[in-house]
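For reference, work.cif (mmCIF, C-alpha atoms):
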```cif
data_run
loop_
_atom_site.label_atom_id
_atom_site.label_comp_id
_atom_site.auth_asym_id
_atom_site.auth_seq_id
_atom_site.Cartn_x
_atom_site.Cartn_y
_atom_site.Cartn_z
CA PHE A 2 -2.63 46.12 -69.06
CA PHE A 3 -5.33 48.34 -67.51
CA THR A 4 -8.99 47.56 -68.22
CA ASN A 5 -12.11 49.69 -67.99
CA PRO A 6 -13.98 48.51 -64.85
CA ILE A 7 -17.37 49.34 -66.35
CA HIS A 8 -16.58 47.34 -69.48
CA THR A 9 -15.35 44.44 -67.32
CA PHE A 10 -18.51 44.55 -65.19
CA LEU A 11 -20.89 44.54 -68.17
CA GLU A 12 -18.91 41.84 -69.94
CA GLY A 13 -19.01 39.64 -66.83
CA GLN A 14 -22.76 40.12 -66.45
CA GLU A 15 -23.41 39.18 -70.07
CA TRP A 16 -21.11 36.14 -69.82
CA HIS A 17 -22.96 34.83 -66.78
CA ARG A 18 -26.34 35.49 -68.41
CA LEU A 19 -25.41 33.42 -71.44
CA PHE A 20 -23.83 30.74 -69.26
CA ALA A 21 -26.98 30.50 -67.11
CA ALA A 22 -29.15 30.14 -70.22
CA GLN A 23 -26.94 27.32 -71.48
CA CYS A 24 -26.98 25.57 -68.10
CA MET A 25 -30.76 25.80 -67.80
CA LYS A 26 -31.16 24.25 -71.25
CA GLU A 27 -28.78 21.39 -70.40
CA THR A 28 -30.46 20.88 -67.03
CA ALA A 29 -33.92 20.66 -68.60
CA GLU A 30 -32.68 17.96 -70.96
CA SER A 31 -30.67 15.86 -68.49
CA THR A 32 -32.44 16.12 -65.10
CA ALA A 33 -36.12 16.20 -65.97
CA SER A 34 -36.76 12.99 -64.01
CA GLN A 35 -34.31 13.68 -61.17
CA ASP A 36 -35.31 14.82 -57.70
CA LEU A 37 -32.65 17.56 -57.43
CA GLN A 38 -33.32 20.42 -59.83
CA TYR A 39 -31.08 23.42 -60.61
CA LYS A 40 -32.56 26.88 -61.05
CA TYR A 41 -31.51 30.53 -61.10
CA THR A 42 -32.62 33.59 -59.21
CA ARG A 43 -31.34 37.15 -58.92
CA TRP A 44 -29.99 38.63 -55.72
CA HIS A 45 -29.42 42.40 -55.87
CA GLY A 46 -29.46 42.03 -59.64
CA PHE A 47 -26.80 39.29 -59.76
CA LEU A 48 -27.56 35.84 -61.16
CA CYS A 49 -27.29 33.09 -58.52
CA ARG A 50 -27.85 29.38 -59.10
CA TYR A 51 -29.48 27.10 -56.55
CA ALA A 52 -30.50 23.47 -56.30
CA MET A 53 -33.69 22.23 -54.70
CA THR A 54 -35.61 19.00 -54.41
CA THR A 55 -39.17 18.62 -55.63
CA PRO A 56 -41.50 19.62 -52.76
CA THR A 57 -44.65 17.73 -51.91
CA GLU A 58 -47.84 18.81 -50.16
CA ASP A 59 -46.70 17.02 -47.00
CA ASP A 60 -43.36 18.83 -46.79
CA ASP A 61 -43.16 20.89 -43.62
CA ASP A 62 -39.47 20.57 -42.78
CA ALA A 63 -36.74 21.93 -45.03
CA ILE A 64 -32.96 22.14 -44.87
CA LEU A 65 -31.04 24.98 -46.48
CA PHE A 66 -27.45 23.80 -47.11
CA VAL A 67 -24.59 26.32 -47.47
CA HIS A 68 -21.30 25.29 -49.13
CA GLY A 69 -17.77 26.28 -48.15
CA PHE A 70 -15.04 28.36 -49.79
CA GLY A 71 -14.26 27.31 -53.37
CA ALA A 72 -17.18 24.86 -53.47
CA SER A 73 -20.79 25.11 -54.73
CA GLY A 74 -24.26 23.78 -54.03
CA THR A 75 -23.53 20.65 -56.07
CA GLN A 76 -21.25 19.42 -53.27
CA TRP A 77 -24.38 18.68 -51.23
CA ALA A 78 -25.90 16.38 -53.87
CA LYS A 79 -24.68 13.13 -52.26
CA THR A 80 -25.94 14.01 -48.79
CA ILE A 81 -29.27 15.21 -50.18
CA GLU A 82 -29.72 11.98 -52.14
CA GLU A 83 -28.93 9.87 -49.06
CA LEU A 84 -31.19 11.97 -46.84
CA ARG A 85 -34.13 11.98 -49.24
CA SER A 86 -33.98 8.22 -49.83
CA ASP A 87 -35.69 7.67 -46.47
CA ASN A 88 -36.97 11.18 -45.74
CA ASP A 89 -38.68 12.45 -48.88
CA ASP A 90 -40.85 14.77 -46.75
CA ILE A 91 -37.85 17.06 -46.17
CA THR A 92 -37.32 19.65 -48.90
CA CYS A 93 -33.65 20.48 -49.50
CA TYR A 94 -32.13 23.67 -50.91
CA ALA A 95 -28.47 24.29 -51.84
CA PRO A 96 -27.65 27.72 -53.32
CA ASP A 97 -24.34 28.79 -54.86
CA LEU A 98 -23.09 31.74 -52.84
CA LEU A 99 -22.35 34.92 -54.77
CA GLY A 100 -18.80 34.65 -56.12
CA PHE A 101 -18.79 30.83 -56.17
CA GLY A 102 -20.12 27.96 -58.24
CA HIS A 103 -22.30 29.01 -61.17
CA SER A 104 -23.34 32.25 -59.47
CA GLU A 105 -22.17 35.60 -60.74
CA LYS A 106 -18.81 36.92 -59.49
CA PRO A 107 -19.01 40.72 -59.42
CA ALA A 108 -16.17 42.97 -58.26
CA ILE A 109 -17.51 43.72 -54.78
CA THR A 110 -15.99 43.35 -51.32
CA TYR A 111 -17.10 39.90 -50.18
CA SER A 112 -17.40 39.03 -46.51
CA GLY A 113 -19.32 36.75 -44.19
CA TYR A 114 -21.88 39.53 -43.88
CA THR A 115 -22.46 39.43 -47.64
CA TRP A 116 -23.21 35.72 -47.67
CA GLU A 117 -25.30 35.60 -44.50
CA CYS A 118 -27.45 38.38 -45.94
CA GLN A 119 -27.80 36.40 -49.19
CA ILE A 120 -28.90 33.30 -47.26
CA GLY A 121 -31.34 35.36 -45.21
CA ASP A 122 -32.92 36.79 -48.35
CA PHE A 123 -33.00 33.34 -49.98
CA LEU A 124 -34.85 32.01 -46.94
CA GLN A 125 -37.33 34.86 -47.08
CA GLU A 126 -37.97 34.84 -50.82
CA LEU A 127 -37.61 31.23 -52.02
CA VAL A 128 -38.10 28.83 -49.10
CA VAL A 129 -41.81 28.22 -48.62
CA ASN A 130 -41.52 25.71 -45.77
CA SER A 131 -42.48 26.86 -42.29
CA ASN A 132 -39.89 24.86 -40.33
CA VAL A 133 -36.39 25.34 -41.75
CA VAL A 134 -32.97 24.17 -40.61
CA ILE A 135 -29.91 25.97 -41.99
CA GLY A 136 -26.78 23.84 -42.33
CA GLY A 137 -23.32 24.51 -43.68
CA ASN A 138 -19.72 23.38 -44.04
CA SER A 139 -16.53 25.37 -43.44
CA ILE A 140 -17.21 29.06 -44.10
CA GLY A 141 -20.71 27.94 -45.09
CA GLY A 142 -21.14 26.59 -41.56
CA PHE A 143 -20.29 29.98 -40.10
CA THR A 144 -22.63 31.61 -42.64
CA ALA A 145 -25.41 29.22 -41.60
CA MET A 146 -24.85 30.07 -37.94
CA CYS A 147 -24.99 33.81 -38.63
CA ALA A 148 -28.07 33.47 -40.85
CA GLY A 149 -29.80 31.40 -38.18
CA ALA A 150 -29.02 34.01 -35.54
CA ASN A 151 -30.25 36.82 -37.77
CA ASP A 152 -33.44 34.93 -38.59
CA ALA A 153 -34.16 34.36 -34.90
CA THR A 154 -34.58 38.11 -34.47
CA VAL A 155 -38.29 38.72 -35.01
CA THR A 156 -38.12 42.48 -34.46
CA SER A 157 -36.15 45.06 -36.41
CA ASN A 158 -32.50 44.71 -35.45
CA THR A 159 -29.72 46.90 -36.78
CA LEU A 160 -27.12 44.41 -35.52
CA SER A 161 -28.14 41.79 -38.06
CA ALA A 162 -26.56 41.65 -41.50
CA SER A 163 -29.64 43.04 -43.19
CA GLY A 164 -30.69 45.43 -40.41
CA GLY A 165 -34.21 43.99 -40.53
CA PRO A 166 -36.23 41.27 -38.82
CA GLY A 167 -35.85 37.60 -39.63
CA THR A 168 -38.54 35.38 -41.09
CA GLY A 169 -38.99 33.30 -37.95
CA GLN A 170 -38.69 30.12 -40.06
CA CYS A 171 -35.29 28.87 -38.85
CA SER A 172 -35.76 26.25 -36.13
CA GLY A 173 -32.27 24.71 -36.05
CA VAL A 174 -28.70 24.97 -37.29
CA ILE A 175 -26.32 22.24 -38.53
CA LEU A 176 -22.58 22.90 -38.41
CA MET A 177 -20.11 20.68 -40.30
CA ASN A 178 -16.48 21.61 -39.59
CA PRO A 179 -17.45 25.27 -39.50
CA ALA A 180 -15.06 28.19 -39.80
CA GLY A 181 -15.21 30.97 -37.24
CA ILE A 182 -13.94 32.00 -33.83
CA ILE A 183 -14.74 30.27 -30.54
CA GLN A 184 -13.53 32.36 -27.60
CA ASP A 185 -12.32 30.67 -24.43
CA GLN A 186 -14.13 31.50 -21.18
CA ALA A 187 -11.61 34.12 -20.05
CA GLU A 188 -11.62 35.92 -23.38
CA ALA A 189 -15.41 35.89 -23.60
CA ALA A 190 -15.77 37.15 -20.03
CA ALA A 191 -13.38 40.02 -20.75
CA THR A 192 -15.34 41.15 -23.81
CA GLN A 193 -17.02 44.44 -22.94
CA VAL A 194 -18.16 45.39 -26.43
CA THR A 195 -19.06 42.70 -28.95
CA THR A 196 -17.95 42.62 -32.57
CA ALA A 197 -21.53 43.36 -33.63
CA GLU A 198 -21.68 46.41 -31.38
CA LYS A 199 -18.29 47.66 -32.61
CA THR A 200 -19.52 47.33 -36.18
CA ILE A 201 -22.59 49.46 -35.53
CA ALA A 202 -20.59 52.04 -33.56
CA GLY A 203 -17.99 52.34 -36.32
CA GLN A 204 -15.18 51.33 -33.96
CA LEU A 205 -13.48 48.84 -36.28
CA ASP A 206 -10.35 49.83 -38.21
CA PRO A 207 -10.78 50.56 -41.94
CA LEU A 208 -10.21 47.62 -44.26
CA ARG A 209 -7.04 48.00 -46.29
CA PRO A 210 -6.14 45.33 -48.83
CA PRO A 211 -2.41 44.65 -49.21
CA PRO A 212 -0.55 46.23 -52.12
CA LEU A 213 -0.90 44.41 -55.44
CA ALA A 214 -3.80 42.32 -54.05
CA ARG A 215 -5.01 41.35 -57.53
CA LEU A 216 -1.57 40.18 -58.57
CA LEU A 217 -1.28 38.15 -55.36
CA GLY A 218 -4.75 36.64 -55.86
CA ASN A 219 -3.96 35.58 -59.43
CA ALA A 220 -0.72 34.00 -58.25
CA ILE A 221 -2.58 32.01 -55.56
CA LEU A 222 -5.17 30.78 -58.07
CA ALA A 223 -2.44 29.80 -60.53
CA TYR A 224 -0.75 27.79 -57.78
CA LEU A 225 -3.95 26.08 -56.57
CA ARG A 226 -5.56 25.10 -59.90
CA PRO A 227 -3.14 22.29 -60.88
CA ARG A 228 -3.23 21.00 -57.27
CA ILE A 229 -7.01 20.74 -56.82
CA GLN A 230 -7.03 16.94 -56.70
CA SER A 231 -4.14 16.58 -54.24
CA ILE A 232 -5.59 19.26 -51.96
CA CYS A 233 -9.01 17.61 -51.92
CA VAL A 234 -7.53 14.14 -51.29
CA ASN A 235 -5.86 15.58 -48.21
CA LEU A 236 -9.24 16.88 -47.03
CA TYR A 237 -10.95 13.48 -47.59
CA PRO A 238 -8.67 11.16 -45.52
CA THR A 239 -11.05 8.21 -45.13
CA ASN A 240 -12.53 8.21 -48.64
CA PRO A 241 -10.11 9.70 -51.20
CA ALA A 242 -12.12 7.98 -53.95
CA ALA A 243 -14.79 10.63 -53.40
CA VAL A 244 -12.38 13.10 -55.00
CA ASP A 245 -13.49 12.17 -58.50
CA THR A 246 -13.11 13.89 -61.84
CA VAL A 247 -16.48 15.63 -61.56
CA LEU A 248 -15.57 17.28 -58.25
CA CYS A 249 -12.20 18.49 -59.47
CA GLN A 250 -13.53 19.72 -62.82
CA ASN A 251 -16.34 21.64 -61.11
CA ILE A 252 -13.92 23.45 -58.81
CA LEU A 253 -11.56 24.21 -61.70
CA ARG A 254 -14.36 25.43 -63.99
CA ASP A 255 -15.76 27.75 -61.33
CA SER A 256 -12.30 29.25 -60.68
CA LEU A 257 -11.98 30.23 -64.35
CA ASP A 258 -15.20 32.28 -64.52
CA PRO A 259 -14.95 36.03 -65.18
CA GLY A 260 -14.59 37.74 -61.80
CA ALA A 261 -13.47 34.64 -59.86
CA ILE A 262 -10.40 36.56 -58.71
CA ASN A 263 -12.62 39.04 -56.85
CA VAL A 264 -13.43 36.62 -54.03
CA MET A 265 -9.75 35.80 -53.60
CA ILE A 266 -8.89 39.50 -53.33
CA SER A 267 -11.61 40.08 -50.73
CA GLY A 268 -10.12 37.29 -48.64
CA THR A 269 -7.21 39.61 -47.87
CA LYS A 270 -9.43 42.25 -46.23
CA LEU A 271 -12.32 40.46 -44.51
CA PRO A 272 -13.78 42.34 -41.52
CA PRO A 273 -13.69 40.80 -38.02
CA SER A 274 -16.39 38.17 -37.63
CA ARG A 275 -18.72 37.58 -34.71
CA PRO A 276 -17.50 34.69 -32.51
CA TYR A 277 -19.81 31.77 -31.77
CA ASN A 278 -20.03 33.02 -28.21
CA GLU A 279 -21.97 36.03 -29.51
CA LEU A 280 -24.06 34.00 -31.94
CA LEU A 281 -25.12 31.29 -29.47
CA MET A 282 -25.16 33.01 -26.08
CA GLN A 283 -27.53 35.87 -25.26
CA ARG A 284 -25.84 38.70 -23.35
CA SER A 285 -27.58 39.71 -20.13
CA GLU A 286 -26.71 43.37 -20.78
CA GLY A 287 -26.27 45.57 -23.79
CA PRO A 288 -28.44 46.25 -26.85
CA LEU A 289 -30.42 43.59 -28.64
CA GLN A 290 -28.34 41.51 -31.02
CA SER A 291 -28.72 38.46 -33.23
CA THR A 292 -28.48 35.31 -31.12
CA PHE A 293 -29.69 31.79 -31.92
CA GLU A 294 -31.13 29.87 -28.97
CA GLY A 295 -32.59 26.87 -30.82
CA PRO A 296 -31.15 23.34 -31.21
CA VAL A 297 -27.81 22.87 -32.99
CA LEU A 298 -26.29 19.74 -34.55
CA MET A 299 -22.57 19.38 -35.20
CA PRO A 300 -21.67 16.28 -37.29
CA GLN A 301 -17.95 17.00 -37.17
CA GLY A 302 -15.24 15.33 -39.24
CA VAL A 303 -12.67 14.86 -36.48
CA LEU A 304 -9.86 14.00 -38.93
CA ASP A 305 -9.92 17.49 -40.46
CA PRO A 306 -6.29 18.38 -41.36
CA LEU A 307 -7.02 22.13 -41.26
CA ASN A 308 -7.50 22.39 -37.48
CA ASP A 309 -8.02 20.47 -34.25
CA ALA A 310 -11.57 19.52 -35.19
CA LYS A 311 -12.16 17.37 -32.11
CA ALA A 312 -11.22 20.20 -29.74
CA ARG A 313 -13.31 22.72 -31.68
CA CYS A 314 -16.50 20.69 -31.43
CA GLU A 315 -15.87 20.11 -27.71
CA ASP A 316 -15.38 23.84 -27.17
CA LEU A 317 -18.50 24.72 -29.11
CA GLY A 318 -20.52 22.09 -27.23
CA LYS A 319 -19.61 23.73 -23.93
CA LEU A 320 -21.10 27.11 -24.87
CA ARG A 321 -24.65 26.18 -23.90
CA ALA A 322 -27.20 23.38 -23.71
CA GLY A 323 -28.98 22.21 -26.86
CA ILE A 324 -25.84 21.59 -28.95
CA THR A 325 -25.55 17.97 -30.15
CA ILE A 326 -22.04 16.83 -31.08
CA ASP A 327 -21.67 13.85 -33.44
CA PRO A 328 -17.97 13.03 -34.14
CA LEU A 329 -17.45 11.38 -37.53
CA GLN A 330 -14.38 9.62 -38.93
CA ALA A 331 -13.96 12.04 -41.79
CA GLY A 332 -12.02 15.12 -42.87
CA HIS A 333 -12.99 18.71 -43.62
CA CYS A 334 -15.96 17.94 -45.91
CA PRO A 335 -17.84 15.03 -44.28
CA HIS A 336 -21.00 15.71 -46.31
CA ASP A 337 -19.14 14.80 -49.52
CA GLU A 338 -16.67 12.28 -48.09
CA VAL A 339 -19.11 10.18 -45.98
CA PRO A 340 -22.57 11.39 -47.09
CA SER A 341 -24.42 8.35 -45.71
CA LEU A 342 -23.09 9.01 -42.19
CA VAL A 343 -23.95 12.72 -42.41
CA ALA A 344 -27.46 11.98 -43.72
CA GLU A 345 -28.01 9.44 -40.94
CA SER A 346 -26.89 11.96 -38.32
CA ILE A 347 -29.13 14.69 -39.73
CA ALA A 348 -32.19 12.44 -40.09
CA LYS A 349 -31.89 11.19 -36.50
CA TRP A 350 -31.44 14.71 -35.13
CA MET A 351 -34.31 16.11 -37.21
CA ALA A 352 -36.64 13.43 -35.81
CA THR A 353 -35.58 13.75 -32.17
CA THR A 354 -35.72 17.56 -32.17
CA LYS A 355 -38.95 17.93 -34.15
CA GLN A 356 -41.04 18.92 -31.15
CA GLU A 357 -38.30 21.14 -29.71
CA ARG A 358 -37.87 22.96 -33.02
CA THR A 359 -41.62 23.43 -33.41
CA GLU A 360 -41.91 24.86 -29.90
CA PHE A 361 -38.96 27.15 -30.59
CA LEU A 362 -40.73 28.61 -33.63
CA ARG A 363 -43.99 28.95 -31.69
CA ALA A 364 -42.22 30.89 -28.95
CA LYS A 365 -40.84 33.32 -31.53
CA GLU A 366 -44.35 33.84 -32.92
CA LEU A 367 -45.55 34.80 -29.45
CA VAL A 368 -42.74 37.32 -29.09
CA ALA A 369 -43.53 38.82 -32.49
#
```

Could you show the structure in this file as structure tokens?
Amino acid sequence: FFTNPIHTFLEGQEWHRLFAAQCMKETAESTASQDLQYKYTRWHGFLCRYAMTTPTEDDDDAILFVHGFGASGTQWAKTIEELRSDNDDITCYAPDLLGFGHSEKPAITYSGYTWECQIGDFLQELVVNSNVVIGGNSIGGFTAMCAGANDATVTSNTLSASGGPGTGQCSGVILMNPAGIIQDQAEAAATQVTTAEKTIAGQLDPLRPPPLARLLGNAILAYLRPRIQSICVNLYPTNPAAVDTVLCQNILRDSLDPGAINVMISGTKLPPSRPYNELLMQRSEGPLQSTFEGPVLMPQGVLDPLNDAKARCEDLGKLRAGITIDPLQAGHCPHDEVPSLVAESIAKWMATTKQERTEFLRAKELVA
């Protein structure tokens, strides 16, 4: 009944190493002529898969796409294909977050801070483009927002996930039905100490998972696995046909990997997250913190059954100028349900904000 954690850790690492080798061999044989290529890197010693398009000498702009909970980088393939059909000068990246997709699933405490730090390191180590937009869906949208805010800090900043300066490459953020907290005006005005400041000061309560967390997590996975298709159909209200066999099999396969339960367990003890008010609005007082002041696009699926998506995008749009709201007739995952509409929205916004994004990066260089 009880297992040796060291044995489990080493076994999981070896399983993922062999799985990655098999996937790379299959990828080399089946996608040699395709634009979207799958590769592997290591982050803090853990294997992580990512997809990227073939860059050209003219590529200056890039988009780093971040998937949501239970998904993987492959969920961006349709949007990337649509976007690149008329904009092949934009390089696209889509990593699998640690604990999801084909990436390794170690027994660590996962949180938004884990993934935003992973995206920040990915941007610094693997993205060679000088003008990068970070976009994401669901919890990936919140991760993109946090990573963008962290990257905007060009000096050493202990309030960022990594505690260090950003690359200065992120010029914009794209949010698609993002997770996260949006405070109302009264709540934001009453906030004396931000979540970031409380984290640094050690003022947050200790994280305590509920009793029998692993047993509860296994029960949740057992309940969800046979219902993957019906759950996804509910999230794709205007195009249920997009919930095909490939999508469902990918989600099921990823959930069966060694260590997949670890992410589910961590979901029961996630630390408080920074609200968008902190991430998008610079405080006039207090210590320096990660805040993104560049242009933001929100192609929002307003038929999202998980929340009042229309109200959320309106609330976020009121936080400050420079936030473009584009309501779409779609559910929680518009990039996979209506990829042509999402690609059209992104391409238009990328073109109209090109000068603004370039000037935003230049201003950060002057500050540095």

Worksheet entry | Output of the PyMOL selection byres ((chain A and resi 138) around 7), listed as a PyMOL selection string | chain A and resi 67-69+137+139-142+176-179+334

With C-alpha atoms kept, could you save the residues just selected as a PDB file, in the coordinates of the input?
```
ATOM      1  CA  VAL A  67     -24.590  26.320 -47.470  1.00  0.00           C
ATOM      2  CA  HIS A  68     -21.300  25.290 -49.130  1.00  0.00           C
ATOM      3  CA  GLY A  69     -17.770  26.280 -48.150  1.00  0.00           C
ATOM      4  CA  GLY A 137     -23.320  24.510 -43.680  1.00  0.00           C
ATOM      5  CA  SER A 139     -16.530  25.370 -43.440  1.00  0.00           C
ATOM      6  CA  ILE A 140     -17.210  29.060 -44.100  1.00  0.00           C
ATOM      7  CA  GLY A 141     -20.710  27.940 -45.090  1.00  0.00           C
ATOM      8  CA  GLY A 142     -21.140  26.590 -41.560  1.00  0.00           C
ATOM      9  CA  LEU A 176     -22.580  22.900 -38.410  1.00  0.00           C
ATOM     10  CA  MET A 177     -20.110  20.680 -40.300  1.00  0.00           C
ATOM     11  CA  ASN A 178     -16.480  21.610 -39.590  1.00  0.00           C
ATOM     12  CA  PRO A 179     -17.450  25.270 -39.500  1.00  0.00           C
ATOM     13  CA  CYS A 334     -15.960  17.940 -45.910  1.00  0.00           C
TER      14      CYS A 334
END
```

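Take CA of Leu48 (chain A) and CA of Asp97 (chain A): the distance between them is 10.0 Å.
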
Worksheet entry | Residue contacts of Gly136 (chain A) (10 Å, all atoms listed in the file) excluding same-chain residues fewer than 5 positions away, as a ChimeraX atom specification | /A:64-68,95,141-146,148-149,173-177,179,297-299,347

Per residue of region 258-362 of chain A within 9 Å of region 233-242 of chain A, record the nearest atom pair and its distance in Å to one decimal, counting all atoms listed in the file, with rows in chain order and ascending residue number, as JSON lines.
```
{"residue": "A:Leu304", "atom": "CA", "partner": "A:Pro238", "partner_atom": "CA", "distance": 7.3}
{"residue": "A:Asp305", "atom": "CA", "partner": "A:Leu236", "partner_atom": "CA", "distance": 6.6}
{"residue": "A:Pro306", "atom": "CA", "partner": "A:Leu236", "partner_atom": "CA", "distance": 6.6}
{"residue": "A:Leu307", "atom": "CA", "partner": "A:Leu236", "partner_atom": "CA", "distance": 8.1}
{"residue": "A:Gln330", "atom": "CA", "partner": "A:Thr239", "partner_atom": "CA", "distance": 7.2}
{"residue": "A:Ala331", "atom": "CA", "partner": "A:Thr239", "partner_atom": "CA", "distance": 5.9}
{"residue": "A:Gly332", "atom": "CA", "partner": "A:Tyr237", "partner_atom": "CA", "distance": 5.1}
{"residue": "A:His333", "atom": "CA", "partner": "A:Leu236", "partner_atom": "CA", "distance": 5.4}
{"residue": "A:Cys334", "atom": "CA", "partner": "A:Leu236", "partner_atom": "CA", "distance": 6.9}
{"residue": "A:Pro335", "atom": "CA", "partner": "A:Tyr237", "partner_atom": "CA", "distance": 7.8}
{"residue": "A:Asp337", "atom": "CA", "partner": "A:Tyr237", "partner_atom": "CA", "distance": 8.5}
{"residue": "A:Glu338", "atom": "CA", "partner": "A:Asn240", "partner_atom": "CA", "distance": 5.8}
{"residue": "A:Val339", "atom": "CA", "partner": "A:Asn240", "partner_atom": "CA", "distance": 7.4}
```

Discussion item. If the PyMOL selection byres ((chain A and resi 251-261) around 6) were run on this exact file, what residues would it hold? Put them as an MDAnalysis selection string.
Written reply: chainID A and resid 13 102 106:107 248:250 262:263

If I only want region 131-137 of chain A, can you write it with all heavy atoms, as a short mmCIF file (atom, residue, chain, number, x, y, z; two decimals), in the first residue's frame?
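Just written: result30.cif:
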```cif
data_model
loop_
_atom_site.label_atom_id
_atom_site.label_comp_id
_atom_site.auth_asym_id
_atom_site.auth_seq_id
_atom_site.Cartn_x
_atom_site.Cartn_y
_atom_site.Cartn_z
N SER A 131 12.89 39.16 -30.48
CA SER A 131 13.05 40.34 -29.63
C SER A 131 11.73 40.96 -29.20
O SER A 131 11.69 41.76 -28.26
CB SER A 131 13.89 41.39 -30.37
OG SER A 131 13.26 41.77 -31.59
N ASN A 132 10.65 40.64 -29.90
CA ASN A 132 9.34 41.25 -29.61
C ASN A 132 8.34 40.12 -29.41
O ASN A 132 7.83 39.54 -30.37
CB ASN A 132 8.93 42.15 -30.78
CG ASN A 132 7.78 43.06 -30.44
OD1 ASN A 132 6.88 42.68 -29.69
ND2 ASN A 132 7.78 44.27 -30.99
N VAL A 133 8.04 39.81 -28.14
CA VAL A 133 7.27 38.60 -27.82
C VAL A 133 5.97 38.97 -27.12
O VAL A 133 5.94 39.80 -26.21
CB VAL A 133 8.08 37.65 -26.92
CG1 VAL A 133 7.30 36.37 -26.66
CG2 VAL A 133 9.43 37.34 -27.54
N VAL A 134 4.89 38.32 -27.55
CA VAL A 134 3.60 38.42 -26.88
C VAL A 134 3.34 37.09 -26.17
O VAL A 134 3.58 36.03 -26.75
CB VAL A 134 2.47 38.71 -27.90
CG1 VAL A 134 1.10 38.57 -27.25
CG2 VAL A 134 2.63 40.11 -28.49
N ILE A 135 2.89 37.15 -24.93
CA ILE A 135 2.57 35.94 -24.18
C ILE A 135 1.05 35.84 -24.10
O ILE A 135 0.38 36.77 -23.65
CB ILE A 135 3.17 35.95 -22.77
CG1 ILE A 135 4.68 36.21 -22.84
CG2 ILE A 135 2.91 34.62 -22.07
CD1 ILE A 135 5.35 36.30 -21.47
N GLY A 136 0.49 34.71 -24.55
CA GLY A 136 -0.95 34.52 -24.53
C GLY A 136 -1.31 33.23 -23.84
O GLY A 136 -0.52 32.27 -23.82
N GLY A 137 -2.51 33.17 -23.26
CA GLY A 137 -2.90 31.94 -22.59
C GLY A 137 -4.40 31.83 -22.40
O GLY A 137 -5.15 32.80 -22.55
#
```
